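What follows is coords.cif (mmCIF, C-alpha atoms and all ligand atoms).
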```cif
data_final
#
loop_
_atom_site.label_atom_id
_atom_site.label_comp_id
_atom_site.auth_asym_id
_atom_site.auth_seq_id
_atom_site.Cartn_x
_atom_site.Cartn_y
_atom_site.Cartn_z
CA MET A 1 -0.27 40.41 45.65
CA SER A 2 2.84 39.68 47.62
CA ILE A 3 1.13 38.69 50.88
CA ASN A 4 -1.96 37.08 49.39
CA ASN A 5 -4.12 35.27 52.01
CA LYS A 6 -1.69 36.01 54.86
CA VAL A 7 -3.06 37.26 58.18
CA ALA A 8 -1.74 40.58 59.52
CA LEU A 9 -2.52 42.10 62.93
CA ILE A 10 -2.01 45.85 63.25
CA THR A 11 -2.18 47.69 66.59
CA GLY A 12 -3.34 51.28 66.69
CA ALA A 13 -5.16 50.59 63.42
CA GLY A 14 -8.22 52.69 64.21
CA GLN A 15 -6.77 55.83 62.63
CA GLY A 16 -3.70 57.56 61.22
CA ILE A 17 -0.70 55.48 60.20
CA GLY A 18 -2.17 52.22 61.52
CA ARG A 19 -5.33 52.64 59.43
CA ALA A 20 -3.25 53.31 56.31
CA ILE A 21 -1.16 50.19 57.01
CA ALA A 22 -4.33 48.10 57.44
CA LEU A 23 -5.69 49.29 54.09
CA ARG A 24 -2.36 48.89 52.30
CA LEU A 25 -1.81 45.33 53.54
CA ALA A 26 -5.43 44.50 52.62
CA ASN A 27 -4.72 45.84 49.13
CA ASP A 28 -1.64 43.61 49.09
CA GLY A 29 -3.94 40.61 49.68
CA ALA A 30 -3.86 40.08 53.46
CA ASP A 31 -6.73 39.57 55.87
CA ILE A 32 -6.54 42.08 58.69
CA ALA A 33 -6.95 42.01 62.49
CA ILE A 34 -7.53 45.57 63.68
CA VAL A 35 -6.50 46.24 67.29
CA ASP A 36 -7.09 49.56 69.03
CA LEU A 37 -8.76 51.20 72.04
CA ASN A 38 -11.37 53.00 69.93
CA GLU A 39 -14.13 50.56 68.94
CA LYS A 40 -15.99 52.94 66.61
CA ASN A 41 -12.87 53.72 64.60
CA MET A 42 -12.01 50.02 64.42
CA GLN A 43 -15.42 49.22 62.91
CA THR A 44 -14.96 51.93 60.27
CA VAL A 45 -11.56 50.54 59.26
CA ALA A 46 -12.92 46.97 59.25
CA ASP A 47 -15.62 48.07 56.80
CA GLU A 48 -12.96 49.73 54.62
CA VAL A 49 -10.90 46.50 54.61
CA ARG A 50 -13.97 44.42 53.67
CA ALA A 51 -14.74 46.86 50.85
CA LEU A 52 -11.31 45.92 49.45
CA GLY A 53 -12.40 42.28 49.35
CA ARG A 54 -10.45 41.04 52.37
CA LYS A 55 -11.56 39.64 55.72
CA ALA A 56 -11.36 41.88 58.79
CA THR A 57 -11.81 41.37 62.50
CA THR A 58 -11.53 43.83 65.39
CA PHE A 59 -10.27 43.40 68.93
CA LYS A 60 -10.20 46.05 71.64
CA ALA A 61 -6.92 45.84 73.54
CA ASN A 62 -4.59 48.10 75.44
CA VAL A 63 -1.12 47.22 74.15
CA ALA A 64 0.38 48.18 77.51
CA LYS A 65 -1.29 45.07 78.95
CA ARG A 66 0.49 41.82 78.12
CA ASP A 67 -2.56 39.58 78.53
CA GLU A 68 -4.61 41.74 76.18
CA VAL A 69 -1.94 41.61 73.47
CA TYR A 70 -1.72 37.81 73.73
CA ALA A 71 -5.54 37.64 73.57
CA ALA A 72 -5.53 39.85 70.45
CA VAL A 73 -3.09 37.48 68.70
CA ASP A 74 -5.22 34.43 69.65
CA HIS A 75 -8.33 36.23 68.40
CA ALA A 76 -6.72 37.04 65.04
CA GLU A 77 -5.66 33.43 64.51
CA LYS A 78 -9.09 32.07 65.49
CA GLU A 79 -11.13 34.52 63.41
CA LEU A 80 -8.92 34.69 60.33
CA GLY A 81 -7.48 31.17 60.28
CA GLY A 82 -3.77 31.94 60.52
CA PHE A 83 -1.17 34.38 61.79
CA ASP A 84 1.73 35.67 59.70
CA ILE A 85 2.49 39.35 60.37
CA ILE A 86 2.23 41.71 63.34
CA VAL A 87 2.65 45.47 63.08
CA ASN A 88 3.24 46.97 66.53
CA ASN A 89 2.13 50.43 65.47
CA ALA A 90 0.19 51.77 68.49
CA GLY A 91 1.97 54.58 70.28
CA ILE A 92 1.38 57.82 72.10
CA ALA A 93 3.24 61.12 72.17
CA ASN A 94 4.43 63.13 75.15
CA ILE A 95 5.50 66.74 74.82
CA GLN A 96 7.28 68.01 77.89
CA SER A 97 10.63 69.49 78.88
CA ILE A 98 13.01 67.19 80.70
CA ALA A 99 12.74 69.54 83.73
CA GLU A 100 8.95 69.21 83.98
CA LEU A 101 8.43 65.48 83.28
CA LYS A 102 6.32 63.78 85.99
CA PRO A 103 6.61 60.11 87.07
CA GLU A 104 3.04 59.23 86.04
CA GLU A 105 3.41 60.51 82.46
CA VAL A 106 6.80 58.81 82.13
CA ASP A 107 5.36 55.49 83.39
CA ASN A 108 2.44 55.79 80.99
CA ILE A 109 4.46 56.37 77.82
CA LEU A 110 7.04 53.72 78.74
CA LYS A 111 4.21 51.21 79.20
CA VAL A 112 2.47 51.97 75.91
CA ASN A 113 5.42 52.65 73.59
CA ILE A 114 8.01 50.19 74.96
CA GLU A 115 6.04 47.46 76.72
CA GLY A 116 3.36 47.62 74.02
CA VAL A 117 5.99 46.74 71.42
CA LEU A 118 7.70 44.17 73.65
CA TRP A 119 4.45 42.26 74.30
CA GLY A 120 3.63 42.39 70.60
CA ILE A 121 7.01 40.92 69.66
CA GLN A 122 6.74 38.27 72.37
CA ALA A 123 3.14 37.24 71.61
CA ALA A 124 3.65 37.10 67.84
CA ALA A 125 6.89 35.09 68.08
CA ALA A 126 5.25 32.63 70.50
CA LYS A 127 2.36 32.18 68.06
CA PHE A 128 4.66 31.68 65.04
CA LYS A 129 6.61 29.05 67.00
CA GLN A 130 3.44 27.31 68.21
CA ARG A 131 2.25 27.16 64.59
CA LYS A 132 5.74 25.98 63.47
CA GLN A 133 5.94 28.67 60.79
CA LYS A 134 7.95 31.73 59.77
CA GLY A 135 6.66 35.21 60.54
CA LYS A 136 7.28 38.93 60.27
CA ILE A 137 7.36 41.35 63.18
CA ILE A 138 7.32 45.06 62.36
CA SER A 139 7.23 47.93 64.89
CA ALA A 140 6.86 51.71 64.86
CA SER A 141 9.97 53.66 65.80
CA SER A 142 10.53 57.21 64.48
CA ILE A 143 13.16 59.72 63.43
CA ALA A 144 12.90 60.46 67.16
CA GLY A 145 14.32 56.95 67.63
CA HIS A 146 17.50 58.11 65.87
CA GLU A 147 17.76 61.64 67.30
CA GLY A 148 16.52 63.25 70.51
CA PHE A 149 14.35 66.33 69.94
CA PRO A 150 13.66 69.13 72.47
CA LEU A 151 10.30 68.61 74.29
CA LEU A 152 10.16 65.08 72.86
CA GLY A 153 12.79 63.63 75.23
CA ILE A 154 10.82 60.79 76.81
CA TYR A 155 9.02 60.05 73.53
CA SER A 156 12.42 59.86 71.79
CA ALA A 157 13.68 57.53 74.53
CA THR A 158 10.80 55.13 73.88
CA LYS A 159 11.50 55.13 70.14
CA PHE A 160 15.23 54.46 70.72
CA ALA A 161 14.04 51.54 72.88
CA VAL A 162 11.97 50.16 69.98
CA ARG A 163 15.17 49.98 67.93
CA ALA A 164 16.95 48.16 70.78
CA LEU A 165 14.13 45.61 71.09
CA THR A 166 14.15 45.18 67.30
CA GLN A 167 17.89 44.50 67.18
CA ALA A 168 17.89 42.09 70.14
CA SER A 169 14.81 40.09 69.14
CA ALA A 170 15.92 39.86 65.50
CA GLN A 171 18.98 37.96 66.70
CA GLU A 172 17.09 35.83 69.22
CA TYR A 173 14.40 34.75 66.71
CA ALA A 174 16.42 34.48 63.49
CA SER A 175 16.90 30.72 63.81
CA ASP A 176 13.09 30.34 64.05
CA GLY A 177 12.64 32.00 60.65
CA ILE A 178 11.17 35.12 62.22
CA THR A 179 12.32 38.54 61.01
CA VAL A 180 12.01 41.66 63.16
CA ASN A 181 12.23 45.16 61.71
CA ALA A 182 10.97 48.66 62.44
CA TYR A 183 9.98 51.76 60.45
CA CYS A 184 11.03 55.28 61.35
CA PRO A 185 8.69 57.91 59.92
CA GLY A 186 9.33 61.65 60.09
CA VAL A 187 6.55 64.23 60.33
CA VAL A 188 3.27 62.56 59.41
CA GLY A 189 0.09 64.64 59.24
CA THR A 190 -2.03 62.68 61.75
CA ASP A 191 -3.85 63.54 64.99
CA MET A 192 -0.61 62.81 66.82
CA TRP A 193 1.03 65.83 65.21
CA VAL A 194 -2.02 68.01 65.91
CA GLU A 195 -1.49 67.16 69.59
CA ILE A 196 2.30 67.64 69.41
CA ASP A 197 1.89 71.06 67.78
CA LYS A 198 -0.77 72.14 70.31
CA ARG A 199 1.35 71.14 73.32
CA MET A 200 4.49 72.71 71.84
CA ALA A 201 2.53 75.93 71.33
CA GLU A 202 1.36 75.87 74.97
CA ILE A 203 4.89 75.34 76.26
CA THR A 204 6.82 77.66 73.93
CA GLY A 205 4.21 80.38 73.29
CA ALA A 206 4.40 79.73 69.54
CA LYS A 207 1.27 80.03 67.39
CA ILE A 208 -0.75 76.92 66.53
CA GLY A 209 0.80 75.40 63.41
CA GLU A 210 4.15 77.17 63.84
CA ASN A 211 6.13 74.21 65.17
CA TYR A 212 4.55 71.83 62.65
CA ASP A 213 5.44 74.21 59.80
CA LYS A 214 8.98 74.53 61.15
CA PHE A 215 9.49 70.77 61.16
CA VAL A 216 7.90 70.36 57.72
CA GLY A 217 10.02 73.25 56.40
CA GLY A 218 13.13 71.16 57.13
CA ILE A 219 12.03 68.24 54.92
CA ALA A 220 14.13 68.02 51.74
CA LEU A 221 11.27 66.64 49.64
CA GLY A 222 9.23 69.70 50.57
CA ARG A 223 6.08 68.23 52.10
CA ALA A 224 4.79 66.48 55.20
CA GLN A 225 4.65 62.70 55.10
CA THR A 226 1.31 60.98 54.55
CA PRO A 227 0.21 57.82 56.38
CA GLU A 228 0.22 56.14 52.95
CA ASP A 229 3.94 56.98 52.51
CA VAL A 230 4.60 55.04 55.71
CA ALA A 231 2.26 52.19 54.75
CA ALA A 232 4.10 51.70 51.44
CA PHE A 233 7.32 50.98 53.33
CA VAL A 234 5.53 48.70 55.81
CA SER A 235 4.16 46.81 52.79
CA TYR A 236 7.76 46.11 51.77
CA LEU A 237 8.65 44.99 55.32
CA ALA A 238 5.60 42.70 55.42
CA GLY A 239 6.27 41.11 52.03
CA PRO A 240 8.78 38.59 50.64
CA ASP A 241 11.09 41.24 49.13
CA SER A 242 12.37 41.99 52.67
CA ASP A 243 12.98 38.32 53.56
CA TYR A 244 16.75 38.87 53.85
CA MET A 245 16.38 41.90 56.17
CA THR A 246 16.22 41.69 59.95
CA GLY A 247 17.08 43.86 62.97
CA GLN A 248 16.80 47.10 60.99
CA ALA A 249 14.96 50.37 61.60
CA PRO A 250 15.28 52.51 58.44
CA ILE A 251 14.31 56.16 58.37
CA ILE A 252 11.62 57.12 55.84
CA ASP A 253 11.08 60.85 56.34
CA GLY A 254 11.44 62.68 53.02
CA GLY A 255 14.96 63.81 53.98
CA LEU A 256 15.03 65.31 57.47
CA VAL A 257 17.29 63.17 59.63
CA TYR A 258 20.34 61.57 57.99
CA ARG A 259 21.94 58.44 59.48
N1 LIG B 301 2.58 61.02 63.35
C1 LIG B 301 3.90 61.06 63.22
O1 LIG B 301 4.47 62.08 62.76
C2 LIG B 301 4.75 59.90 63.59
C3 LIG B 301 4.25 58.79 64.25
N2 LIG B 301 5.09 57.75 64.59
C4 LIG B 301 4.57 56.58 65.29
O2 LIG B 301 3.62 55.92 64.46
C5 LIG B 301 2.63 55.29 65.26
C6 LIG B 301 1.24 55.74 64.82
O3 LIG B 301 1.17 57.15 64.93
P1 LIG B 301 -0.09 58.02 64.44
O4 LIG B 301 -0.91 57.25 63.51
O5 LIG B 301 0.45 59.33 64.03
O6 LIG B 301 -0.86 58.20 65.83
P2 LIG B 301 -2.41 58.52 66.14
O7 LIG B 301 -2.42 59.15 67.48
O8 LIG B 301 -3.05 59.22 65.01
O9 LIG B 301 -3.05 57.05 66.24
C7 LIG B 301 -2.64 56.15 67.23
C8 LIG B 301 -3.65 55.02 67.35
O10 LIG B 301 -3.18 54.14 68.38
C9 LIG B 301 -4.22 53.87 69.29
N3 LIG B 301 -3.66 53.64 70.62
C10 LIG B 301 -3.06 54.54 71.42
N4 LIG B 301 -2.69 53.98 72.57
C11 LIG B 301 -3.07 52.67 72.49
C12 LIG B 301 -2.97 51.58 73.38
N5 LIG B 301 -2.43 51.71 74.60
N6 LIG B 301 -3.44 50.39 72.98
C13 LIG B 301 -4.01 50.24 71.75
N7 LIG B 301 -4.14 51.24 70.87
C14 LIG B 301 -3.67 52.45 71.24
C15 LIG B 301 -5.11 55.11 69.25
O11 LIG B 301 -6.43 54.82 69.71
C16 LIG B 301 -5.04 55.49 67.79
O12 LIG B 301 -6.04 54.85 67.04
C17 LIG B 301 2.97 55.65 66.71
O13 LIG B 301 3.72 54.61 67.29
C18 LIG B 301 3.83 56.90 66.56
O14 LIG B 301 4.68 57.08 67.66
C19 LIG B 301 6.42 57.76 64.28
C20 LIG B 301 6.95 58.83 63.64
C21 LIG B 301 6.18 59.95 63.23
C1 LIG B 302 5.70 61.97 66.20
C2 LIG B 302 7.08 61.69 65.79
O1 LIG B 302 7.56 60.61 65.97
C3 LIG B 302 7.78 62.68 65.16
C4 LIG B 302 9.18 62.53 65.03
O2 LIG B 302 7.24 63.62 64.71
#
```

Please rewrite the model in this file as structure tokens.
Amino acid sequence: MSINNKVALITGAGQGIGRAIALRLANDGADIAIVDLNEKNMQTVADEVRALGRKATTFKANVAKRDEVYAAVDHAEKELGGFDIIVNNAGIANIQSIAELKPEEVDNILKVNIEGVLWGIQAAAAKFKQRKQKGKIISASSIAGHEGFPLLGIYSATKFAVRALTQASAQEYASDGITVNAYCPGVVGTDMWVEIDKRMAEITGAKIGENYDKFVGGIALGRAQTPEDVAAFVSYLAGPDSDYMTGQAPIIDGGLVYR
């Protein structure tokens, strides 16, 4: 149990990749603060964490709002008695051509995917420093943070930005004993991809499932990624085996994008 009795906060932990990370880190021995917009889903995940023998607490917060992210970090520390790891996982997709993007949808995704990660980095680092301890900051980027994909232009831009924030903050916080890394999944079978596929079908006239199958067909290992595949890598980033790693955003996608 590499992170036994540590406290980990995971945003967007009500479903999908965030849920899998919450359960994996609980299995690794951590107590878990679950942060999301969906209260019902959060309660379900909290029960799953408790069933693994770890403590869980939930906190409803919109990661786009700085005050709410800081409040979530304070809540985790108060309820679970410490604060060691944050996973800035919450994110939203946007599927639109560059020609058709509207200011409101651009503002919205920039706020959630970039500011949400920025406030998470800032709030966690401030808490680690206040507690005079080391800490781990981990954020969700994507293969779309290494390559721009058609109809995913603004989404890709936000995921490139996560890598930039990871690189800059890793250098700024290194002397405080804080490491900052990101994970870059490929095509993960969650609700996000159901939505991506549906919107791509609307825009391109393809059948439902066609774009998803096309993306999955390009994966060298021959299958879509599971949330647990992603969580296994986040477990490494959260644990002591990655102590000498900072400022990195490795791709874990079954062989789809090569950098
Ligand atoms: N599904 C995929 O293929 C890939 C996903 N990613 C990234 O992984 C992360 C998780 O993705 P999925 O689990 O697939 O997504 P999902 O859509 O299944 O789950 C996202 C979760 O985040 C929560 N959330 C959304 N906006 C929020 C906000 N403003 N504040 C707090 N919580 C919020 C939702 O309520 C939901 O529980 C995202 O950052 C996504 O961009 C990266 C690469 C591939
Ligand atoms: C959702 C996402 O990041 C990709 C690349 O599928």

Looking at only C-alpha atoms, which of A:Ser156, A:Asn94, A:Ser141, A:Asn5 is the one that sits closest to Trp193 (chain A)?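 Checking each candidate against Trp193 (chain A), we get A:Asn94 as the closest.
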
What does the list of residues within 7 Å of ligand LIG 301 (chain B) look like if you count only C-alpha atoms and all ligand atoms, written as a PyMOL selection string? chain A and resi 11-18+35-38+61-64+89-93+112-113+140-143+184-193

Polymer residues at most 10 Å from Pro240 (chain A), only C-alpha atoms, same-chain spacing of 3 or more positions, as a list of chain:residue names: A:Ser2, A:Ile3, A:Lys136, A:Ser235, A:Tyr236, A:Leu237, A:Asp243, A:Tyr244, A:Met245

Write the selection just made, keeping C-alpha atoms, as an mmCIF file, in the frame of the given file?
```
data_model
loop_
_atom_site.group_PDB
_atom_site.id
_atom_site.type_symbol
_atom_site.label_atom_id
_atom_site.label_comp_id
_atom_site.auth_asym_id
_atom_site.auth_seq_id
_atom_site.Cartn_x
_atom_site.Cartn_y
_atom_site.Cartn_z
ATOM 1 C CA SER A 2 2.840 39.680 47.620
ATOM 2 C CA ILE A 3 1.130 38.690 50.880
ATOM 3 C CA LYS A 136 7.280 38.930 60.270
ATOM 4 C CA SER A 235 4.160 46.810 52.790
ATOM 5 C CA TYR A 236 7.760 46.110 51.770
ATOM 6 C CA LEU A 237 8.650 44.990 55.320
ATOM 7 C CA ASP A 243 12.980 38.320 53.560
ATOM 8 C CA TYR A 244 16.750 38.870 53.850
ATOM 9 C CA MET A 245 16.380 41.900 56.170
#
```

Put a box with edges along x, y and z around all the listed atoms of region 203-219 of chain A, pad it by 3 Å on each side, then give me its centre and sizes in Å, one decimal, as lines of an AutoDock Vina configuration file.
```
center_x = 6.2
center_y = 74.3
center_z = 65.6
size_x = 19.9
size_y = 18.1
size_z = 27.3
```

Nearest to Ile251 (chain A), chosen from A:Ile178, A:Ile121, A:Ala33, A:Ala144, with only C-alpha atoms counted in the distances: A:Ala144

Please, which residues are within 7 Å of (3.9, 45.6, 77.0) by the file's coordinates, counting only C-alpha atoms, and could they come as a tab-separated table (two decimals) with C-alpha atoms, keeping the file's coordinate frame?
```tsv
chain	number	residue	atom	x	y	z
A	63	VAL	CA	-1.12	47.22	74.15
A	64	ALA	CA	0.38	48.18	77.51
A	65	LYS	CA	-1.29	45.07	78.95
A	66	ARG	CA	0.49	41.82	78.12
A	111	LYS	CA	4.21	51.21	79.20
A	112	VAL	CA	2.47	51.97	75.91
A	114	ILE	CA	8.01	50.19	74.96
A	115	GLU	CA	6.04	47.46	76.72
A	116	GLY	CA	3.36	47.62	74.02
A	117	VAL	CA	5.99	46.74	71.42
A	118	LEU	CA	7.70	44.17	73.65
A	119	TRP	CA	4.45	42.26	74.30
```

Residues near Ala72 (chain A), anyone? I mean within 7 Å using only C-alpha atoms, not counting same-chain ones fewer than 3 positions away, as a ChimeraX atom specification. /A:59,61,68-69,75-76

Which residues are near region 145-153 of chain A? Cut-off 6 Å, all atoms listed in the file, ignore same chain within fewer than 4 positions. Put them as a list in words.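 The residues satisfying every condition are Ile95, Gln96, Ser97, Ser141, Lys159 and Phe160 of chain A.
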
Please, what distance in Å, to one decimal, runs between CA of Ile109 (chain A) and CA of Leu165 (chain A)?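 That distance, rounded to one decimal, is 16.0 Å.
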
Calculate how many Å separate CA of Gly205 (chain A) from CA of Glu100 (chain A), rounding to one decimal.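 Those two atoms sit 16.2 Å apart.
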
What gap, in Å, lies between CA of Arg50 (chain A) and CA of Lys127 (chain A)?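 Separation between CA of Arg50 (chain A) and CA of Lys127 (chain A): 25.0 Å.
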
Tell me which residues come within 9 Å of (2.6, 45.2, 49.5), as a PyMOL selection string, counting all atoms listed in the file in the file's coordinates. chain A and resi 1-3+24-29+231-239

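For the residues A:Ile98, A:Ile10, A:Val257, A:Ala20, ranking by smallest atom-to-atom distance to Lys60 (chain A) using only C-alpha atoms places A:Ile10 first.
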
From the list A:Lys198, A:Arg259, A:Lys207, A:Lys55, the nearest residue to Glu79 (chain A) using all atoms listed in the file is A:Lys55

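Each of A:Tyr155, A:Tyr183, A:Phe83, A:Tyr212 was compared to Gln130 (chain A) using only C-alpha atoms, and A:Phe83 turns out to be the nearest.
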
Counting all atoms listed in the file, what is within 6 Å of Val7 (chain A), bar same-chain residues fewer than 6 positions away, as a list in words?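 That gives Ala30, Asp31, Ile32, Gly82, Phe83 and Asp84 of chain A.
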